[in-house]
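Listing of model.cif, mmCIF, C-alpha atoms
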data_model
loop_
_atom_site.group_PDB
_atom_site.id
_atom_site.type_symbol
_atom_site.label_atom_id
_atom_site.label_comp_id
_atom_site.auth_asym_id
_atom_site.auth_seq_id
_atom_site.Cartn_x
_atom_site.Cartn_y
_atom_site.Cartn_z
ATOM 1 C CA MET A 1 -21.523 20.184 -0.895
ATOM 2 C CA THR A 2 -20.636 16.837 -2.448
ATOM 3 C CA GLU A 3 -20.049 14.108 0.118
ATOM 4 C CA ASN A 4 -16.808 12.172 -0.284
ATOM 5 C CA PRO A 5 -17.896 8.548 -0.929
ATOM 6 C CA GLU A 6 -14.715 7.004 0.453
ATOM 7 C CA VAL A 7 -15.129 8.858 3.734
ATOM 8 C CA SER A 8 -18.810 8.065 4.157
ATOM 9 C CA LYS A 9 -18.355 4.375 3.338
ATOM 10 C CA HIS A 10 -16.150 3.615 6.353
ATOM 11 C CA SER A 11 -16.267 4.871 9.919
ATOM 12 C CA VAL A 12 -12.495 5.193 10.038
ATOM 13 C CA VAL A 13 -10.539 6.884 7.276
ATOM 14 C CA VAL A 14 -7.297 5.057 6.441
ATOM 15 C CA PRO A 15 -4.714 7.411 4.878
ATOM 16 C CA ILE A 16 -3.385 5.774 1.718
ATOM 17 C CA ARG A 17 -0.665 7.662 -0.099
ATOM 18 C CA SER A 18 0.952 7.180 -3.462
ATOM 19 C CA ILE A 19 4.592 6.095 -3.212
ATOM 20 C CA GLY A 20 7.484 7.237 -5.371
ATOM 21 C CA PRO A 21 10.988 5.899 -6.081
ATOM 22 C CA SER A 22 12.401 7.489 -2.915
ATOM 23 C CA HIS A 23 10.529 4.779 -0.975
ATOM 24 C CA ARG A 24 12.176 1.778 -2.634
ATOM 25 C CA GLU A 25 13.933 0.764 0.595
ATOM 26 C CA ARG A 26 10.669 0.799 2.528
ATOM 27 C CA ILE A 27 8.944 -1.185 -0.215
ATOM 28 C CA ALA A 28 11.733 -3.781 -0.117
ATOM 29 C CA ALA A 29 11.589 -3.938 3.689
ATOM 30 C CA HIS A 30 7.826 -4.458 3.548
ATOM 31 C CA LEU A 31 7.995 -7.292 1.022
ATOM 32 C CA MET A 32 10.924 -8.969 2.781
ATOM 33 C CA GLY A 33 8.851 -8.788 5.965
ATOM 34 C CA LEU A 34 6.432 -11.288 4.447
ATOM 35 C CA ASP A 35 6.981 -14.898 5.480
ATOM 36 C CA GLU A 36 7.595 -17.663 2.960
ATOM 37 C CA HIS A 37 3.917 -18.545 2.495
ATOM 38 C CA ASP A 38 2.853 -14.913 2.080
ATOM 39 C CA ARG A 39 5.601 -14.376 -0.488
ATOM 40 C CA TYR A 40 4.282 -17.412 -2.337
ATOM 41 C CA LEU A 41 0.767 -15.953 -2.380
ATOM 42 C CA ARG A 42 1.947 -12.501 -3.437
ATOM 43 C CA PHE A 43 4.344 -13.508 -6.209
ATOM 44 C CA GLY A 44 3.179 -16.996 -7.122
ATOM 45 C CA TYR A 45 6.439 -18.460 -5.843
ATOM 46 C CA SER A 46 8.464 -18.303 -2.617
ATOM 47 C CA ALA A 47 10.534 -15.280 -3.582
ATOM 48 C CA THR A 48 13.933 -14.920 -1.918
ATOM 49 C CA ASP A 49 15.221 -11.620 -0.548
ATOM 50 C CA GLU A 50 17.405 -11.267 -3.635
ATOM 51 C CA GLN A 51 14.454 -11.816 -5.970
ATOM 52 C CA ILE A 52 12.420 -9.260 -4.031
ATOM 53 C CA LYS A 53 15.233 -6.726 -4.333
ATOM 54 C CA ARG A 54 15.331 -7.253 -8.090
ATOM 55 C CA TYR A 55 11.564 -6.831 -8.243
ATOM 56 C CA VAL A 56 11.739 -3.559 -6.299
ATOM 57 C CA ASP A 57 14.675 -2.295 -8.363
ATOM 58 C CA GLY A 58 12.645 -2.996 -11.484
ATOM 59 C CA LEU A 59 9.555 -1.060 -10.435
ATOM 60 C CA ASP A 60 8.686 1.559 -13.035
ATOM 61 C CA PHE A 61 7.235 4.508 -11.141
ATOM 62 C CA ASP A 62 6.694 6.457 -14.349
ATOM 63 C CA ARG A 63 4.374 3.758 -15.709
ATOM 64 C CA ASP A 64 2.842 2.073 -12.652
ATOM 65 C CA ASP A 65 1.447 3.343 -9.375
ATOM 66 C CA ILE A 66 2.242 2.130 -5.873
ATOM 67 C CA PHE A 67 0.020 2.867 -2.890
ATOM 68 C CA GLY A 68 0.844 2.294 0.756
ATOM 69 C CA ILE A 69 -0.372 2.471 4.329
ATOM 70 C CA TYR A 70 2.161 3.520 6.976
ATOM 71 C CA ASN A 71 1.983 3.125 10.742
ATOM 72 C CA ARG A 72 3.192 5.691 13.276
ATOM 73 C CA LYS A 73 6.758 4.397 12.970
ATOM 74 C CA LEU A 74 6.632 5.039 9.199
ATOM 75 C CA GLU A 75 6.727 1.306 8.572
ATOM 76 C CA LEU A 76 4.993 0.303 5.349
ATOM 77 C CA ILE A 77 2.471 -2.215 6.658
ATOM 78 C CA ALA A 78 0.328 -2.616 3.531
ATOM 79 C CA MET A 79 1.080 -1.977 -0.127
ATOM 80 C CA ALA A 80 -0.652 -2.207 -3.501
ATOM 81 C CA HIS A 81 0.859 -2.270 -6.983
ATOM 82 C CA LEU A 82 -1.270 -1.050 -9.874
ATOM 83 C CA ALA A 83 0.530 -2.173 -13.030
ATOM 84 C CA PHE A 84 -0.595 -0.636 -16.320
ATOM 85 C CA SER A 85 -0.496 -2.624 -19.545
ATOM 86 C CA THR A 86 2.483 -2.068 -21.843
ATOM 87 C CA ASP A 87 0.631 -3.607 -24.790
ATOM 88 C CA PRO A 88 -0.541 -0.790 -27.120
ATOM 89 C CA ASP A 89 -3.639 -2.856 -27.944
ATOM 90 C CA HIS A 90 -4.645 -3.032 -24.257
ATOM 91 C CA VAL A 91 -3.820 0.382 -22.853
ATOM 92 C CA GLU A 92 -7.185 0.399 -21.093
ATOM 93 C CA CYS A 93 -6.141 -2.526 -18.839
ATOM 94 C CA ALA A 94 -4.273 -2.707 -15.533
ATOM 95 C CA GLU A 95 -3.431 -5.379 -12.949
ATOM 96 C CA PHE A 96 -3.759 -5.122 -9.179
ATOM 97 C CA GLY A 97 -1.579 -6.803 -6.542
ATOM 98 C CA VAL A 98 -1.529 -6.303 -2.775
ATOM 99 C CA SER A 99 0.333 -7.406 0.353
ATOM 100 C CA VAL A 100 -0.339 -6.795 4.047
ATOM 101 C CA LEU A 101 1.984 -7.638 6.939
ATOM 102 C CA LYS A 102 0.554 -10.244 9.314
ATOM 103 C CA LYS A 103 0.490 -7.848 12.265
ATOM 104 C CA ALA A 104 -1.689 -5.429 10.302
ATOM 105 C CA ARG A 105 -4.360 -7.859 9.125
ATOM 106 C CA GLY A 106 -8.000 -7.887 10.119
ATOM 107 C CA ARG A 107 -8.402 -4.156 9.419
ATOM 108 C CA ARG A 108 -9.563 -4.396 5.784
ATOM 109 C CA TYR A 109 -6.372 -2.767 4.529
ATOM 110 C CA GLY A 110 -6.363 -4.964 1.436
ATOM 111 C CA SER A 111 -9.897 -3.857 0.578
ATOM 112 C CA ARG A 112 -9.091 -0.209 1.252
ATOM 113 C CA LEU A 113 -6.074 -0.390 -1.048
ATOM 114 C CA PHE A 114 -8.183 -2.029 -3.721
ATOM 115 C CA GLU A 115 -10.771 0.757 -3.499
ATOM 116 C CA ARG A 116 -8.008 3.354 -3.754
ATOM 117 C CA ALA A 117 -6.488 1.614 -6.777
ATOM 118 C CA VAL A 118 -9.878 1.320 -8.485
ATOM 119 C CA MET A 119 -10.512 5.034 -8.039
ATOM 120 C CA HIS A 120 -7.097 5.919 -9.475
ATOM 121 C CA ALA A 121 -7.470 3.463 -12.354
ATOM 122 C CA ARG A 122 -10.844 5.008 -13.286
ATOM 123 C CA ASN A 123 -9.326 8.471 -13.272
ATOM 124 C CA GLU A 124 -6.507 7.240 -15.528
ATOM 125 C CA GLY A 125 -8.968 5.935 -18.110
ATOM 126 C CA ILE A 126 -8.638 2.243 -17.245
ATOM 127 C CA GLU A 127 -11.661 0.176 -18.264
ATOM 128 C CA LEU A 128 -10.643 -3.303 -17.084
ATOM 129 C CA LEU A 129 -8.851 -4.120 -13.844
ATOM 130 C CA PHE A 130 -7.367 -7.606 -13.611
ATOM 131 C CA ILE A 131 -6.352 -9.717 -10.636
ATOM 132 C CA HIS A 132 -4.321 -12.883 -11.037
ATOM 133 C CA ALA A 133 -3.973 -14.926 -7.860
ATOM 134 C CA LEU A 134 -3.367 -18.417 -6.635
ATOM 135 C CA THR A 135 -6.672 -20.113 -5.883
ATOM 136 C CA GLU A 136 -5.615 -20.618 -2.271
ATOM 137 C CA ASN A 137 -5.257 -16.842 -1.883
ATOM 138 C CA THR A 138 -8.792 -16.601 -0.543
ATOM 139 C CA ALA A 139 -8.324 -13.087 0.846
ATOM 140 C CA MET A 140 -7.465 -11.671 -2.570
ATOM 141 C CA ILE A 141 -10.277 -13.559 -4.291
ATOM 142 C CA LYS A 142 -12.734 -12.329 -1.664
ATOM 143 C CA ILE A 143 -11.733 -8.719 -2.359
ATOM 144 C CA ALA A 144 -12.341 -9.251 -6.072
ATOM 145 C CA ARG A 145 -15.657 -11.034 -5.523
ATOM 146 C CA ASN A 146 -16.950 -8.373 -3.124
ATOM 147 C CA ALA A 147 -16.143 -5.726 -5.737
ATOM 148 C CA GLY A 148 -18.313 -7.550 -8.267
ATOM 149 C CA ALA A 149 -15.469 -8.880 -10.397
ATOM 150 C CA SER A 150 -15.969 -11.775 -12.788
ATOM 151 C CA ILE A 151 -13.948 -14.729 -11.498
ATOM 152 C CA GLU A 152 -12.632 -17.758 -13.344
ATOM 153 C CA ARG A 153 -10.787 -20.569 -11.621
ATOM 154 C CA ILE A 154 -8.214 -22.493 -13.641
ATOM 155 C CA GLY A 155 -6.783 -25.221 -11.435
ATOM 156 C CA SER A 156 -4.405 -23.748 -8.873
ATOM 157 C CA GLU A 157 -4.842 -20.230 -10.245
ATOM 158 C CA THR A 158 -7.728 -17.788 -10.378
ATOM 159 C CA ASP A 159 -8.268 -14.857 -12.714
ATOM 160 C CA ALA A 160 -10.655 -12.012 -12.001
ATOM 161 C CA TYR A 161 -11.526 -8.898 -13.896
ATOM 162 C CA LEU A 162 -13.608 -5.883 -12.995
ATOM 163 C CA ARG A 163 -15.055 -3.496 -15.551
ATOM 164 C CA LEU A 164 -14.664 0.072 -14.298
ATOM 165 C CA PRO A 165 -17.032 2.968 -14.928
ATOM 166 C CA PRO A 166 -15.677 6.159 -16.497
ATOM 167 C CA ALA A 167 -14.137 8.827 -14.306
ATOM 168 C CA THR A 168 -16.390 11.557 -12.942
ATOM 169 C CA LEU A 169 -15.794 14.900 -11.281
ATOM 170 C CA ASP A 170 -16.603 13.212 -7.966
ATOM 171 C CA SER A 171 -14.058 10.409 -8.496
ATOM 172 C CA ARG A 172 -11.361 12.946 -9.409
ATOM 173 C CA MET A 173 -12.129 15.171 -6.423
ATOM 174 C CA SER A 174 -12.263 12.122 -4.131
ATOM 175 C CA GLU A 175 -8.802 10.996 -5.232
ATOM 176 C CA LEU A 176 -7.398 14.494 -4.782
ATOM 177 C CA PHE A 177 -8.902 14.673 -1.295
ATOM 178 C CA GLU A 178 -7.581 11.259 -0.273
ATOM 179 C CA GLU A 179 -4.084 11.948 -1.578
ATOM 180 C CA GLN A 180 -3.873 15.291 0.245
ATOM 181 C CA LEU A 181 -5.125 13.634 3.434
ATOM 182 C CA ALA A 182 -2.556 10.849 3.148
ATOM 183 C CA GLN A 183 0.323 13.225 2.403
ATOM 184 C CA THR A 184 -0.580 15.348 5.433
ATOM 185 C CA ASP A 185 -0.851 12.244 7.623
ATOM 186 C CA TYR A 186 2.573 11.065 6.458
ATOM 187 C CA ARG A 187 4.193 14.444 7.174
ATOM 188 C CA LEU A 188 2.726 14.497 10.673
ATOM 189 C CA LYS A 189 3.988 10.972 11.363
ATOM 190 C CA ALA A 190 7.438 11.911 10.060
ATOM 191 C CA GLN A 191 7.521 15.013 12.289
ATOM 192 C CA ALA A 192 6.392 13.007 15.308
ATOM 193 C CA LYS A 193 9.023 10.327 14.700
ATOM 194 C CA SER A 194 11.730 12.973 14.342
ATOM 195 C CA PHE A 195 10.596 14.769 17.496
ATOM 196 C CA TRP A 196 10.555 11.593 19.580
ATOM 197 C CA ALA A 197 14.044 10.779 18.342
ATOM 198 C CA PHE A 198 15.129 14.268 19.409
ATOM 199 C CA LEU A 199 13.590 13.806 22.883
ATOM 200 C CA THR A 200 15.326 10.464 23.253
ATOM 201 C CA GLY A 201 18.655 12.133 22.497
ATOM 202 C CA VAL A 202 17.965 14.900 25.022
ATOM 203 C CA GLN A 203 17.055 12.365 27.685
ATOM 204 C CA GLU A 204 20.262 10.438 27.057
ATOM 205 C CA VAL A 205 22.284 13.632 27.452
ATOM 206 C CA ARG A 206 20.468 14.449 30.680
ATOM 207 C CA ARG A 207 21.145 10.997 32.062
ATOM 208 C CA GLY A 208 24.809 11.402 31.153
ATOM 209 C CA VAL A 209 24.988 14.732 32.957
ATOM 210 C CA GLN A 210 23.246 13.311 36.013
ATOM 211 C CA ASP A 211 25.596 10.332 36.134
ATOM 212 C CA ALA A 212 28.569 12.668 35.882
ATOM 213 C CA ARG A 213 27.228 14.785 38.776
ATOM 214 C CA HIS A 214 26.706 11.745 40.958
ATOM 215 C CA LYS A 215 30.233 10.557 40.299
ATOM 216 C CA SER A 216 31.755 13.971 41.025
ATOM 217 C CA SER A 217 29.746 14.384 44.240
ATOM 218 C CA GLY A 218 30.773 10.934 45.359
#
Could you rewrite the structure in this file as structure tokens?
Amino acid sequence: MTENPEVSKHSVVVPIRSIGPSHRERIAAHLMGLDEHDRYLRFGYSATDEQIKRYVDGLDFDRDDIFGIYNRKLELIAMAHLAFSTDPDHVECAEFGVSVLKKARGRRYGSRLFERAVMHARNEGIELLFIHALTENTAMIKIARNAGASIERIGSETDAYLRLPPATLDSRMSELFEEQLAQTDYRLKAQAKSFWAFLTGVQEVRRGVQDARHKSSG
């Protein structure tokens, strides 16, 4: 049996699922949860809430791919945007961008999202993956450098590109496995959240009944 490389590489599997247009509100909430400095690093400028909303509204889910990591409350705590080139002369190129909420850092989520995006890009026939970041965005540059990307610093900005190997049966099966795992994880979290909300409602009803009994007996 072929061993899944993404599972064997890390001791803890992080479910990363692809995100569709029905998750626009969660994407917007995630990006607006970034502070001013983090917005500056992610977008290259201190994006306002209104600018973030326009960015989210303009996401093309038919062309690009969005990947995310959710916590137990179904909060999008880390997100990656894999943007494919619209230039017919560079259809083999794509750009990677990532953001992680402060409370979720230190868990290599940015690196995990990059690995997931690389695998998907390979399977989509992408040959060159680009990263454009501010030079002070050391976390992003470290991810690129650790992946073996070629890096060029131009003043306050840094460009990196990584040449990707062709897709293989293993890379396709690995992506299928990871996506199924992430979808299952998301469904379980959604069911758990719904159930806890139901229990909370039941408990509130019980407390109301108990209060009513106490008042009537008094």
**Item:** Interatomic distance, CA of Tyr186 in chain A to CA of Tyr109 in chain A (Å, one decimal)
**Value:**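 The value is 16.6 Å.
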**Spatial neighbours of range 63-66 of chain A, 7 Å, only C-alpha atoms, chain gap at least 4 places, as a ChimeraX atom specification** = /A:18-19,80-84
**Request:** Between A:Val13, A:Met140, A:Asp159, A:Arg172, single out the one closest to Gly125 in chain A, counting all atoms listed in the file.
**Result:**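 Of all the options, A:Arg172 lies closest to Gly125 in chain A.
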**Message:** Every residue with an atom at most 12 Å from (-1.3, -10.4, 11.4) (file coordinates; all atoms listed in the file) is what I'm after, so could you write them as a list of chain:residue names?
**Reply:** A:Gly33, A:Leu34, A:Asp35, A:Asp38, A:Ile77, A:Ala78, A:Ser99, A:Val100, A:Leu101, A:Lys102, A:Lys103, A:Ala104, A:Arg105, A:Gly106, A:Arg107, A:Arg108, A:Tyr109
Mind writing the picked residues with C-alpha atoms as a compact mmCIF listing (two decimals), in the coordinates of the input?
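Output contents, as saved in selection.txt:
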# COMPACT_ATOMS: atom_id res chain seq x y z
CA GLY A 33 8.85 -8.79 5.96
CA LEU A 34 6.43 -11.29 4.45
CA ASP A 35 6.98 -14.90 5.48
CA ASP A 38 2.85 -14.91 2.08
CA ILE A 77 2.47 -2.22 6.66
CA ALA A 78 0.33 -2.62 3.53
CA SER A 99 0.33 -7.41 0.35
CA VAL A 100 -0.34 -6.80 4.05
CA LEU A 101 1.98 -7.64 6.94
CA LYS A 102 0.55 -10.24 9.31
CA LYS A 103 0.49 -7.85 12.26
CA ALA A 104 -1.69 -5.43 10.30
CA ARG A 105 -4.36 -7.86 9.12
CA GLY A 106 -8.00 -7.89 10.12
CA ARG A 107 -8.40 -4.16 9.42
CA ARG A 108 -9.56 -4.40 5.78
CA TYR A 109 -6.37 -2.77 4.53
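Across the structure, CA of Arg26 in chain A and CA of Ala190 in chain A are spaced 13.8 Å apart.
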**Request:** Have a look at CA of Phe61 in chain A and CA of Ser150 in chain A and let me know their distance in Å, one decimal.
**Result:**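 Atom-to-atom, CA of Phe61 in chain A to CA of Ser150 in chain A, that is 28.4 Å.
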**Asked** Near Glu36 in chain A, counting only C-alpha atoms, which residues have an atom at most 8 Å away, once you skip same-chain residues fewer than 4 positions from it, shown as a list in words?
**Response**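 Within the cut-off, the hits are Tyr40, Ser46 and Ala47 of chain A.
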**Prompt:** the PyMOL selection byres ((chain A and resi 164) around 7) on the file shown: which residues, as JSON, numbers by chain?
**Reply:** {"A": [122, 127, 128, 162, 163, 165, 166]}
N, CA and C atoms restored at range 124-156 of chain A, emitted as a short mmCIF file (atom, residue, chain, number, x, y, z; two decimals), in the coordinates of the input:
data_model
loop_
_atom_site.label_atom_id
_atom_site.label_comp_id
_atom_site.auth_asym_id
_atom_site.auth_seq_id
_atom_site.Cartn_x
_atom_site.Cartn_y
_atom_site.Cartn_z
N GLU A 124 -7.54 7.34 -14.50
CA GLU A 124 -6.51 7.24 -15.53
C GLU A 124 -7.05 6.65 -16.83
N GLY A 125 -8.36 6.43 -16.88
CA GLY A 125 -8.97 5.94 -18.11
C GLY A 125 -8.94 4.43 -18.27
N ILE A 126 -8.65 3.71 -17.19
CA ILE A 126 -8.64 2.24 -17.24
C ILE A 126 -10.07 1.72 -17.27
N GLU A 127 -10.33 0.76 -18.13
CA GLU A 127 -11.66 0.18 -18.26
C GLU A 127 -11.76 -1.21 -17.64
N LEU A 128 -10.65 -1.95 -17.65
CA LEU A 128 -10.64 -3.30 -17.08
C LEU A 128 -9.50 -3.45 -16.08
N LEU A 129 -9.85 -3.88 -14.88
CA LEU A 129 -8.85 -4.12 -13.84
C LEU A 129 -8.76 -5.62 -13.60
N PHE A 130 -7.57 -6.17 -13.74
CA PHE A 130 -7.37 -7.61 -13.61
C PHE A 130 -6.68 -7.97 -12.29
N ILE A 131 -7.02 -9.14 -11.81
CA ILE A 131 -6.35 -9.72 -10.64
C ILE A 131 -6.01 -11.16 -10.98
N HIS A 132 -4.75 -11.50 -10.83
CA HIS A 132 -4.32 -12.88 -11.04
C HIS A 132 -3.78 -13.38 -9.70
N ALA A 133 -4.38 -14.44 -9.18
CA ALA A 133 -3.97 -14.93 -7.86
C ALA A 133 -4.02 -16.44 -7.81
N LEU A 134 -3.26 -16.99 -6.90
CA LEU A 134 -3.37 -18.42 -6.64
C LEU A 134 -4.73 -18.68 -6.02
N THR A 135 -5.33 -19.80 -6.37
CA THR A 135 -6.67 -20.11 -5.88
C THR A 135 -6.72 -20.17 -4.36
N GLU A 136 -5.62 -20.55 -3.73
CA GLU A 136 -5.62 -20.62 -2.27
C GLU A 136 -5.53 -19.25 -1.62
N ASN A 137 -5.31 -18.20 -2.43
CA ASN A 137 -5.26 -16.84 -1.88
C ASN A 137 -6.69 -16.33 -1.72
N THR A 138 -7.37 -16.89 -0.74
CA THR A 138 -8.79 -16.60 -0.54
C THR A 138 -9.05 -15.14 -0.20
N ALA A 139 -8.13 -14.49 0.48
CA ALA A 139 -8.32 -13.09 0.85
C ALA A 139 -8.39 -12.21 -0.40
N MET A 140 -7.49 -12.46 -1.35
CA MET A 140 -7.46 -11.67 -2.57
C MET A 140 -8.71 -11.94 -3.41
N ILE A 141 -9.10 -13.20 -3.50
CA ILE A 141 -10.28 -13.56 -4.29
C ILE A 141 -11.54 -12.97 -3.67
N LYS A 142 -11.58 -12.91 -2.35
CA LYS A 142 -12.73 -12.33 -1.66
C LYS A 142 -12.85 -10.84 -1.98
N ILE A 143 -11.72 -10.15 -2.02
CA ILE A 143 -11.73 -8.72 -2.36
C ILE A 143 -12.32 -8.52 -3.76
N ALA A 144 -11.86 -9.35 -4.70
CA ALA A 144 -12.34 -9.25 -6.07
C ALA A 144 -13.83 -9.57 -6.16
N ARG A 145 -14.25 -10.62 -5.48
CA ARG A 145 -15.66 -11.03 -5.52
C ARG A 145 -16.56 -9.96 -4.90
N ASN A 146 -16.15 -9.40 -3.78
CA ASN A 146 -16.95 -8.37 -3.12
C ASN A 146 -17.08 -7.12 -3.98
N ALA A 147 -16.10 -6.90 -4.86
CA ALA A 147 -16.14 -5.73 -5.74
C ALA A 147 -17.01 -5.98 -6.97
N GLY A 148 -17.47 -7.22 -7.13
CA GLY A 148 -18.31 -7.55 -8.27
C GLY A 148 -17.54 -8.02 -9.48
N ALA A 149 -16.29 -8.43 -9.27
CA ALA A 149 -15.47 -8.88 -10.40
C ALA A 149 -15.93 -10.24 -10.91
N SER A 150 -15.72 -10.46 -12.20
CA SER A 150 -15.97 -11.78 -12.79
C SER A 150 -14.77 -12.66 -12.47
N ILE A 151 -15.02 -13.87 -11.98
CA ILE A 151 -13.95 -14.73 -11.50
C ILE A 151 -13.96 -16.06 -12.24
N GLU A 152 -12.78 -16.48 -12.65
CA GLU A 152 -12.63 -17.76 -13.34
C GLU A 152 -11.49 -18.53 -12.71
N ARG A 153 -11.80 -19.72 -12.25
CA ARG A 153 -10.79 -20.57 -11.62
C ARG A 153 -10.24 -21.54 -12.65
N ILE A 154 -8.89 -21.58 -12.72
CA ILE A 154 -8.21 -22.49 -13.64
C ILE A 154 -7.20 -23.29 -12.82
N GLY A 155 -7.66 -24.39 -12.26
CA GLY A 155 -6.78 -25.22 -11.44
C GLY A 155 -6.30 -24.48 -10.20
N SER A 156 -4.99 -24.36 -10.06
CA SER A 156 -4.40 -23.75 -8.87
C SER A 156 -4.38 -22.23 -8.95
#
